[in-house]
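Asker: Quick one: this structure, given as structure tokens, is what I'll be asking you about.
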Amino acid sequence: MDLNKLGFKEKGKKNNGRPAYPPSALLKLYIYGYLNRVRSSRRLEREACTNVEAMWLLRGLRPCYKTIADFRKEHVDVFKKVFNEFNLFLRGEGLLSGDTVATDGTKIRAQNSKKNNYTEKKIKQHQDYIGKQINSCLKEMEELDKGESNSEIHHEQSIELAAKLDQLCKRKEKYEELEEKMKVAHEQGQTQISTSDPDARALPKKMNIVEVGYNAVVTAEADNKLLTNYEIRNTHDTYALSEAGIAAREALGKKEGEEIKQLADKGFDTGSELKKCAENNISTYVSPKKRVHAKKDKRFNKDQFVYDKKKDVYICPEGEELSSNGKWYHKNNGKLRQAYKVKHYKSSYAICKACPHRMECAGKANLDRSKGRYIERSEYQEYVDDNIERVKLNKELYRKRQQIIEHPFGTIKRQWGYDYTLLKGLEKVEGEFGIIFTCYNLRRAITIFGVQELIKRLRKSLFLKKWKIKRKIKRFADVFCGELITPRLKYLKIKSHRINYFNSIAII
Ligand code: SF4
């Protein structure tokens with residue numbers, strides 16, 4: 001890898017003094033550490049001094065924990081590039097060549113407890129509780145003042161109450177500050193604040209379990225279960241499908257017009273995302289969400305009504321038409337979802353009134369208001385229906401989703417124990433997980449090729465790179481140096497170029 005090109009900076013290169021640790025050595029240490037479940041900089045420092053493998057890898061260098069920690073902190077944006085660069089090598093070796101990918105999100109615990117995550121409701125509850133406590137404390141003090149005044153017990157009790165009141169007032173101030181912060185967050189469109197890691201959010205994990213952390217949306221390809229791309233978010237999966245699909249297309253090196261299949265669970269079933277995928281040549285196989293307003297009698301659910309595209313009407317199970325006035329209405333499904341447009345389709349009250357299924361279909365409430373059946377059609381309904389149809393026809397393919405994407409999550413979270421992050425902030429967490437996902441792909445490549453074969457292929461790829469560079473330098477020298485430089489100078493210039501370039505290349 002050309003580490004300079006990726007963005008790794010060598011510290012103190014221009015200053016006098018001791019030479020800086022080369023980025024290649026520190027990157028090697030991190031990859032070695034994360035592959036062997038050693039993440040903390042202090043533990044990596046110890047490994048560099050006591051572990052023979054790490055000592056060999058670093059050629060005897062012994063960076064201190066601060067240097068190791070700073071390297072990770074200062075290059076958070078580069079680790080994702082390392083992940084992408086390794087994927088380029090894998091693609092060159094034919095491992096990232098399939099046309100089926102699976103996307104899923106997994107929750108990562110942040111360096112922020114649930115206690116230090118607040119919503120407006122939680123702040124209000126705390127304030128109410130503290131208010132009640134202060135009132136009862138003041139009452140107790142009043143009663144105490146009315147009683148005997150000179151006894152020792154009375155004196156002790158009043159000191160205790162004063163201390164309690166002081167503590168309660170401090171807590172009240174804390175929640176007032178949080179209330180102010182919450183107001184600012186609201187203006188920025190946020191519904192919660194976290195005090196230890198400001199970017200962390202409470203995200204639903206399973207059923208009623210909530211975790212304060214991040215959501216890693218990862219895509220893996222089906223043939224070799226290698227990770228193609230990832231994104232760390234502090235929101236749920238709802239609007240992550242298209243971005244993941246487009247990045248996966250790029251990682252697989254698909255040309256314009258080539259189609260890929262993307263599998264995902266129902267958390268990703270969003271009309272606008274399905275549309276974006278279709279526009280980018282991505283066939284989605286997303287488990288359909290249970291839509292609301294399901295009827296007790298399934299025969300009259302919305303999906304039993306057939307849409308006639310030509311006439312722009314719905315046909316009900318009794319063969320009657322539901323038409324619209326052609327207007328689009330804006331709809332907002334709560335704070336967490338983006339607004340979208342819908343059309344309303346209604347049947348004639350006179351026809352429904354005479355229908356034997358009017359109570360099961362139109363419903364009593366509608367009939368009482370002299371209305372027939374009413375159906376809403378979103379602007380993305382066409383894409384939602386196409387997706388449902390594809391999933392129905394390709395159940396076998398959809399079943400592969402879990403095998404493809406849950407496998408990496410199992411290895412990374414359960415086997416390696418990386419279900420939490422050591423860093424704070426969205427950008428830094430993305431950097432740390434760049435190392436973890438690179439390690440995962442490296443481990444997969446070792447499993448597929450074996451160690452010796454992988455080293456052989458890496459050397460071959462590096463040799464090809466060097467050969468290309470040599471040719472480039474030669475061409476550069478021929479074209480630009482020409483007759484301006486004497487042959488000797490020309491030779492020296494080419495030599496220095498080579499030395500600088502090759503020094504920046506590291507084999508991991
Ligand atoms: S109630 Fe109206 S819309 Fe429903 S099945 Fe009967 S005629 Fe069709």
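Following the order of the structure tokens, first chain is A, next is B, and so on, with residues numbered from 1 inside each chain and ligands from 1 in the order they appear.
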Per residue of chain A within 12 Å of ligand 1, record the nearest atom pair and its distance in Å to one decimal, counting only C-alpha atoms and all ligand atoms, with rows in chain order and ascending residue number, as a Markdown table.
Answerer:
| residue | atom | partner | partner_atom_place_in_ligand_line | distance |
| --- | --- | --- | --- | --- |
| A:Lys295 | CA | ligand 1 | 4 (Fe) | 11.4 |
| A:Asp297 | CA | ligand 1 | 5 (S) | 11.4 |
| A:Lys298 | CA | ligand 1 | 5 (S) | 11.9 |
| A:Arg299 | CA | ligand 1 | 5 (S) | 9.1 |
| A:Phe300 | CA | ligand 1 | 5 (S) | 7.0 |
| A:Asn301 | CA | ligand 1 | 4 (Fe) | 9.8 |
| A:Lys302 | CA | ligand 1 | 4 (Fe) | 10.3 |
| A:Gln304 | CA | ligand 1 | 5 (S) | 10.0 |
| A:Phe305 | CA | ligand 1 | 3 (S) | 8.8 |
| A:Val306 | CA | ligand 1 | 8 (Fe) | 11.4 |
| A:Val313 | CA | ligand 1 | 3 (S) | 11.9 |
| A:Tyr314 | CA | ligand 1 | 3 (S) | 9.3 |
| A:Ile315 | CA | ligand 1 | 8 (Fe) | 7.7 |
| A:Cys316 | CA | ligand 1 | 8 (Fe) | 4.7 |
| A:Pro317 | CA | ligand 1 | 5 (S) | 5.3 |
| A:Glu318 | CA | ligand 1 | 5 (S) | 4.8 |
| A:Gly319 | CA | ligand 1 | 8 (Fe) | 6.6 |
| A:Glu320 | CA | ligand 1 | 8 (Fe) | 5.3 |
| A:Glu321 | CA | ligand 1 | 3 (S) | 7.6 |
| A:Leu322 | CA | ligand 1 | 3 (S) | 7.2 |
| A:Ser323 | CA | ligand 1 | 3 (S) | 10.8 |
| A:Tyr345 | CA | ligand 1 | 3 (S) | 10.3 |
| A:Lys346 | CA | ligand 1 | 3 (S) | 8.2 |
| A:Ser347 | CA | ligand 1 | 3 (S) | 5.7 |
| A:Ser348 | CA | ligand 1 | 2 (Fe) | 7.3 |
| A:Tyr349 | CA | ligand 1 | 2 (Fe) | 7.5 |
| A:Ala350 | CA | ligand 1 | 2 (Fe) | 8.8 |
| A:Ile351 | CA | ligand 1 | 7 (S) | 5.6 |
| A:Cys352 | CA | ligand 1 | 2 (Fe) | 3.6 |
| A:Lys353 | CA | ligand 1 | 1 (S) | 7.0 |
| A:Ala354 | CA | ligand 1 | 7 (S) | 7.5 |
| A:Cys355 | CA | ligand 1 | 6 (Fe) | 4.6 |
| A:Pro356 | CA | ligand 1 | 6 (Fe) | 6.7 |
| A:His357 | CA | ligand 1 | 6 (Fe) | 5.2 |
| A:Arg358 | CA | ligand 1 | 1 (S) | 3.9 |
| A:Met359 | CA | ligand 1 | 1 (S) | 7.2 |
| A:Glu360 | CA | ligand 1 | 1 (S) | 7.5 |
| A:Cys361 | CA | ligand 1 | 4 (Fe) | 4.6 |
| A:Ala362 | CA | ligand 1 | 1 (S) | 4.9 |
| A:Gly363 | CA | ligand 1 | 1 (S) | 8.1 |
| A:Lys364 | CA | ligand 1 | 1 (S) | 10.6 |
| A:Asn366 | CA | ligand 1 | 1 (S) | 10.2 |
| A:Leu367 | CA | ligand 1 | 1 (S) | 9.4 |
| A:Lys371 | CA | ligand 1 | 2 (Fe) | 9.7 |
| A:Gly372 | CA | ligand 1 | 2 (Fe) | 6.0 |
| A:Arg373 | CA | ligand 1 | 3 (S) | 5.0 |
| A:Tyr374 | CA | ligand 1 | 3 (S) | 8.0 |
| A:Ile375 | CA | ligand 1 | 3 (S) | 9.5 |
Asker: Would you mind exporting the chosen residues as a short mmCIF file (atom, residue, chain, number, x, y, z; two decimals), in the first residue's frame, restricted to N, CA and C atoms?
Answerer:
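Result file is out.cif:
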data_model
loop_
_atom_site.label_atom_id
_atom_site.label_comp_id
_atom_site.auth_asym_id
_atom_site.auth_seq_id
_atom_site.Cartn_x
_atom_site.Cartn_y
_atom_site.Cartn_z
N LYS A 295 -56.65 -5.17 7.88
CA LYS A 295 -58.04 -5.45 8.25
C LYS A 295 -58.12 -6.78 9.00
N ASP A 297 -60.35 -9.05 8.51
CA ASP A 297 -60.55 -10.04 7.45
C ASP A 297 -59.50 -9.77 6.36
N LYS A 298 -58.53 -10.68 6.24
CA LYS A 298 -57.38 -10.45 5.34
C LYS A 298 -57.79 -10.28 3.88
N ARG A 299 -58.99 -10.75 3.52
CA ARG A 299 -59.43 -10.65 2.13
C ARG A 299 -59.60 -9.20 1.69
N PHE A 300 -59.70 -8.30 2.67
CA PHE A 300 -59.93 -6.89 2.32
C PHE A 300 -58.76 -5.99 2.69
N ASN A 301 -57.60 -6.61 2.88
CA ASN A 301 -56.38 -5.82 3.10
C ASN A 301 -56.02 -5.07 1.83
N LYS A 302 -55.22 -4.04 1.96
CA LYS A 302 -54.87 -3.21 0.79
C LYS A 302 -54.23 -4.04 -0.33
N GLN A 304 -54.89 -6.82 -1.35
CA GLN A 304 -55.85 -7.62 -2.12
C GLN A 304 -56.54 -6.77 -3.19
N PHE A 305 -56.27 -5.47 -3.18
CA PHE A 305 -56.82 -4.56 -4.18
C PHE A 305 -55.81 -4.44 -5.32
N VAL A 306 -56.25 -4.62 -6.54
CA VAL A 306 -55.33 -4.62 -7.69
C VAL A 306 -55.26 -3.21 -8.27
N VAL A 313 -56.55 3.44 -11.23
CA VAL A 313 -57.60 3.10 -10.25
C VAL A 313 -57.23 1.79 -9.54
N TYR A 314 -57.82 1.58 -8.39
CA TYR A 314 -57.69 0.29 -7.69
C TYR A 314 -58.97 -0.50 -7.94
N ILE A 315 -58.85 -1.82 -8.09
CA ILE A 315 -60.02 -2.67 -8.26
C ILE A 315 -60.18 -3.49 -6.98
N CYS A 316 -61.34 -3.39 -6.36
CA CYS A 316 -61.56 -4.09 -5.08
C CYS A 316 -61.90 -5.57 -5.33
N PRO A 317 -61.90 -6.42 -4.29
CA PRO A 317 -62.20 -7.85 -4.48
C PRO A 317 -63.57 -8.10 -5.12
N GLU A 318 -64.46 -7.14 -5.01
CA GLU A 318 -65.79 -7.29 -5.63
C GLU A 318 -65.83 -6.73 -7.05
N GLY A 319 -64.69 -6.29 -7.56
CA GLY A 319 -64.59 -5.80 -8.93
C GLY A 319 -64.96 -4.34 -9.12
N GLU A 320 -65.13 -3.60 -8.03
CA GLU A 320 -65.49 -2.18 -8.15
C GLU A 320 -64.23 -1.31 -8.18
N GLU A 321 -64.35 -0.13 -8.78
CA GLU A 321 -63.19 0.76 -8.93
C GLU A 321 -63.09 1.77 -7.78
N LEU A 322 -61.85 2.05 -7.36
CA LEU A 322 -61.59 3.12 -6.39
C LEU A 322 -60.74 4.14 -7.12
N SER A 323 -61.23 5.34 -7.29
CA SER A 323 -60.49 6.33 -8.08
C SER A 323 -60.00 7.49 -7.20
N TYR A 345 -57.40 7.14 -2.87
CA TYR A 345 -58.32 6.44 -3.77
C TYR A 345 -59.57 6.07 -2.96
N LYS A 346 -60.75 6.45 -3.50
CA LYS A 346 -61.99 6.21 -2.75
C LYS A 346 -63.00 5.48 -3.63
N SER A 347 -63.80 4.65 -2.98
CA SER A 347 -64.88 3.98 -3.72
C SER A 347 -66.19 4.77 -3.49
N SER A 348 -67.16 4.48 -4.32
CA SER A 348 -68.44 5.20 -4.18
C SER A 348 -69.22 4.65 -2.98
N TYR A 349 -69.78 5.56 -2.19
CA TYR A 349 -70.54 5.15 -0.99
C TYR A 349 -71.76 4.33 -1.39
N ALA A 350 -72.41 4.74 -2.50
CA ALA A 350 -73.63 4.06 -2.95
C ALA A 350 -73.34 2.58 -3.26
N ILE A 351 -72.18 2.32 -3.89
CA ILE A 351 -71.84 0.92 -4.24
C ILE A 351 -71.49 0.13 -2.98
N CYS A 352 -70.65 0.74 -2.13
CA CYS A 352 -70.22 0.03 -0.91
C CYS A 352 -71.41 -0.28 0.02
N LYS A 353 -72.35 0.64 0.04
CA LYS A 353 -73.50 0.47 0.93
C LYS A 353 -74.27 -0.80 0.59
N ALA A 354 -74.27 -1.13 -0.71
CA ALA A 354 -75.01 -2.32 -1.16
C ALA A 354 -74.15 -3.59 -1.14
N CYS A 355 -72.87 -3.44 -0.79
CA CYS A 355 -71.95 -4.60 -0.84
C CYS A 355 -72.14 -5.49 0.41
N PRO A 356 -72.14 -6.83 0.25
CA PRO A 356 -72.30 -7.70 1.42
C PRO A 356 -71.10 -7.65 2.39
N HIS A 357 -69.95 -7.18 1.89
CA HIS A 357 -68.74 -7.15 2.74
C HIS A 357 -68.45 -5.75 3.27
N ARG A 358 -69.43 -4.87 3.24
CA ARG A 358 -69.17 -3.47 3.59
C ARG A 358 -68.58 -3.29 5.00
N MET A 359 -69.06 -4.10 5.97
CA MET A 359 -68.56 -3.92 7.34
C MET A 359 -67.11 -4.35 7.46
N GLU A 360 -66.74 -5.46 6.82
CA GLU A 360 -65.35 -5.95 6.89
C GLU A 360 -64.41 -5.06 6.08
N CYS A 361 -64.91 -4.49 4.99
CA CYS A 361 -64.04 -3.74 4.07
C CYS A 361 -64.07 -2.23 4.36
N ALA A 362 -65.18 -1.59 4.15
CA ALA A 362 -65.26 -0.13 4.33
C ALA A 362 -65.23 0.23 5.82
N GLY A 363 -65.85 -0.58 6.65
CA GLY A 363 -65.85 -0.32 8.10
C GLY A 363 -67.01 0.54 8.54
N LYS A 364 -67.42 0.34 9.79
CA LYS A 364 -68.60 1.04 10.30
C LYS A 364 -68.39 2.57 10.34
N ASN A 366 -66.57 4.56 8.52
CA ASN A 366 -66.69 5.19 7.20
C ASN A 366 -68.14 5.23 6.73
N LEU A 367 -68.84 4.11 6.92
CA LEU A 367 -70.23 4.03 6.44
C LEU A 367 -71.12 5.02 7.19
N LYS A 371 -69.28 7.36 3.75
CA LYS A 371 -68.07 7.19 2.92
C LYS A 371 -67.86 5.72 2.62
N GLY A 372 -67.24 5.45 1.46
CA GLY A 372 -66.93 4.06 1.09
C GLY A 372 -65.53 3.68 1.53
N ARG A 373 -64.90 2.76 0.83
CA ARG A 373 -63.54 2.33 1.18
C ARG A 373 -62.52 3.38 0.71
N TYR A 374 -61.46 3.53 1.50
CA TYR A 374 -60.44 4.54 1.19
C TYR A 374 -59.06 3.89 1.24
N ILE A 375 -58.26 4.17 0.20
CA ILE A 375 -56.90 3.59 0.13
C ILE A 375 -55.90 4.69 -0.17
#
Asker: When DSSP is applied to the backbone of this structure, which of segment 168-270 of chain A are assigned strand (DSSP E)? Write them out as a ChimeraX atom specification.
Answerer: /A:192-194,201-206,209-221,227-233,260-264
Asker: For the selection just defined, write its residues with N, CA, C and O atoms to a file, as a compact mmCIF listing (two decimals), in the first residue's frame.
Answerer:
# COMPACT_ATOMS: atom_id res chain seq x y z
N GLN A 192 -32.47 13.53 21.23
CA GLN A 192 -31.80 13.08 22.46
C GLN A 192 -30.39 13.67 22.54
O GLN A 192 -29.84 14.08 21.52
N ILE A 193 -29.84 13.69 23.76
CA ILE A 193 -28.45 14.13 23.94
C ILE A 193 -27.71 13.11 24.80
O ILE A 193 -28.29 12.48 25.68
N SER A 194 -26.42 12.97 24.50
CA SER A 194 -25.57 12.07 25.29
C SER A 194 -24.44 12.92 25.86
O SER A 194 -23.87 13.74 25.13
N ARG A 201 -26.21 7.62 20.35
CA ARG A 201 -27.66 7.73 20.46
C ARG A 201 -28.25 6.42 20.99
O ARG A 201 -27.68 5.34 20.75
N ALA A 202 -29.38 6.54 21.68
CA ALA A 202 -30.08 5.32 22.14
C ALA A 202 -30.78 4.73 20.93
O ALA A 202 -31.61 5.39 20.31
N LEU A 203 -30.40 3.50 20.58
CA LEU A 203 -30.98 2.85 19.40
C LEU A 203 -31.65 1.55 19.81
O LEU A 203 -31.12 0.82 20.66
N PRO A 204 -32.81 1.23 19.24
CA PRO A 204 -33.46 -0.04 19.60
C PRO A 204 -32.63 -1.22 19.07
O PRO A 204 -32.20 -1.21 17.92
N LYS A 205 -32.42 -2.20 19.95
CA LYS A 205 -31.59 -3.35 19.57
C LYS A 205 -32.48 -4.55 19.22
O LYS A 205 -32.45 -5.07 18.14
N LYS A 206 -33.27 -4.95 20.20
CA LYS A 206 -34.15 -6.11 20.01
C LYS A 206 -35.38 -5.87 20.84
O LYS A 206 -35.26 -5.46 22.01
N ILE A 209 -35.28 -3.80 24.00
CA ILE A 209 -33.92 -3.51 24.49
C ILE A 209 -33.34 -2.34 23.71
O ILE A 209 -33.33 -2.34 22.48
N VAL A 210 -32.85 -1.37 24.47
CA VAL A 210 -32.26 -0.18 23.84
C VAL A 210 -30.78 -0.11 24.21
O VAL A 210 -30.39 -0.39 25.35
N GLU A 211 -29.94 0.26 23.25
CA GLU A 211 -28.50 0.35 23.48
C GLU A 211 -28.04 1.75 23.10
O GLU A 211 -28.44 2.26 22.05
N VAL A 212 -27.21 2.37 23.93
CA VAL A 212 -26.67 3.68 23.54
C VAL A 212 -25.38 3.41 22.76
O VAL A 212 -24.44 2.83 23.28
N GLY A 213 -25.38 3.79 21.52
CA GLY A 213 -24.20 3.52 20.70
C GLY A 213 -24.37 3.94 19.27
O GLY A 213 -25.01 4.95 18.98
N TYR A 214 -23.83 3.12 18.38
CA TYR A 214 -23.84 3.42 16.95
C TYR A 214 -24.40 2.23 16.18
O TYR A 214 -24.46 1.12 16.71
N ASN A 215 -24.76 2.51 14.94
CA ASN A 215 -25.28 1.45 14.07
C ASN A 215 -24.29 1.27 12.92
O ASN A 215 -24.07 2.19 12.15
N ALA A 216 -23.66 0.10 12.85
CA ALA A 216 -22.73 -0.17 11.75
C ALA A 216 -23.52 -0.86 10.64
O ALA A 216 -23.96 -2.00 10.81
N VAL A 217 -23.71 -0.15 9.53
CA VAL A 217 -24.43 -0.75 8.40
C VAL A 217 -23.37 -1.35 7.46
O VAL A 217 -22.56 -0.64 6.89
N VAL A 218 -23.38 -2.68 7.40
CA VAL A 218 -22.31 -3.39 6.69
C VAL A 218 -22.90 -4.19 5.52
O VAL A 218 -24.00 -4.73 5.63
N THR A 219 -22.15 -4.27 4.43
CA THR A 219 -22.57 -5.07 3.28
C THR A 219 -21.51 -6.13 3.00
O THR A 219 -20.31 -5.83 3.03
N ALA A 220 -21.98 -7.35 2.77
CA ALA A 220 -21.05 -8.44 2.46
C ALA A 220 -21.48 -9.10 1.16
O ALA A 220 -22.67 -9.13 0.85
N GLU A 221 -20.51 -9.60 0.39
CA GLU A 221 -20.87 -10.27 -0.86
C GLU A 221 -21.09 -11.76 -0.61
O GLU A 221 -20.54 -12.33 0.33
N LEU A 227 -16.49 -8.47 3.29
CA LEU A 227 -17.21 -7.21 3.48
C LEU A 227 -16.83 -6.26 2.35
O LEU A 227 -15.65 -6.07 2.06
N THR A 228 -17.82 -5.70 1.69
CA THR A 228 -17.53 -4.81 0.56
C THR A 228 -17.46 -3.35 1.01
O THR A 228 -16.67 -2.58 0.49
N ASN A 229 -18.31 -2.96 1.93
CA ASN A 229 -18.34 -1.56 2.39
C ASN A 229 -19.06 -1.50 3.74
O ASN A 229 -19.77 -2.43 4.11
N TYR A 230 -18.86 -0.39 4.42
CA TYR A 230 -19.54 -0.19 5.70
C TYR A 230 -19.76 1.29 5.95
O TYR A 230 -19.10 2.14 5.33
N GLU A 231 -20.67 1.57 6.85
CA GLU A 231 -20.92 2.96 7.24
C GLU A 231 -21.36 2.97 8.70
O GLU A 231 -22.18 2.15 9.10
N ILE A 232 -20.79 3.87 9.48
CA ILE A 232 -21.20 3.97 10.89
C ILE A 232 -22.19 5.14 10.99
O ILE A 232 -21.89 6.25 10.56
N ARG A 233 -23.36 4.86 11.56
CA ARG A 233 -24.40 5.89 11.69
C ARG A 233 -24.86 5.96 13.14
O ARG A 233 -24.65 5.00 13.88
N ILE A 260 -26.82 -5.53 -9.75
CA ILE A 260 -26.48 -6.36 -8.58
C ILE A 260 -27.76 -6.62 -7.77
O ILE A 260 -28.74 -5.88 -7.87
N LYS A 261 -27.72 -7.71 -6.99
CA LYS A 261 -28.87 -8.05 -6.14
C LYS A 261 -28.50 -7.71 -4.71
O LYS A 261 -27.43 -8.12 -4.24
N GLN A 262 -29.39 -6.99 -4.04
CA GLN A 262 -29.11 -6.60 -2.65
C GLN A 262 -30.19 -7.19 -1.73
O GLN A 262 -31.38 -6.92 -1.92
N LEU A 263 -29.74 -7.96 -0.74
CA LEU A 263 -30.68 -8.57 0.22
C LEU A 263 -30.61 -7.78 1.53
O LEU A 263 -29.54 -7.40 1.97
N ALA A 264 -31.77 -7.58 2.13
CA ALA A 264 -31.78 -6.85 3.42
C ALA A 264 -33.03 -7.22 4.19
O ALA A 264 -34.02 -7.69 3.60
Asker: Just to confirm, what's the straight-line distance from atom CA of Leu96 of chain A to atom CA of Ile448 of chain A in Å (one decimal)?
Answerer: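 Computing the Euclidean distance for atom CA of Leu96 of chain A and atom CA of Ile448 of chain A yields 12.4 Å.
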Asker: Return the single residue from A:Tyr418, A:Lys290, A:Ile412, A:Glu376 that is closest to Tyr329 of chain A, with distances computed using only C-alpha atoms.
Answerer: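 Of A:Tyr418, A:Lys290, A:Ile412, A:Glu376, the one nearest Tyr329 of chain A, counting only C-alpha atoms, is A:Glu376.
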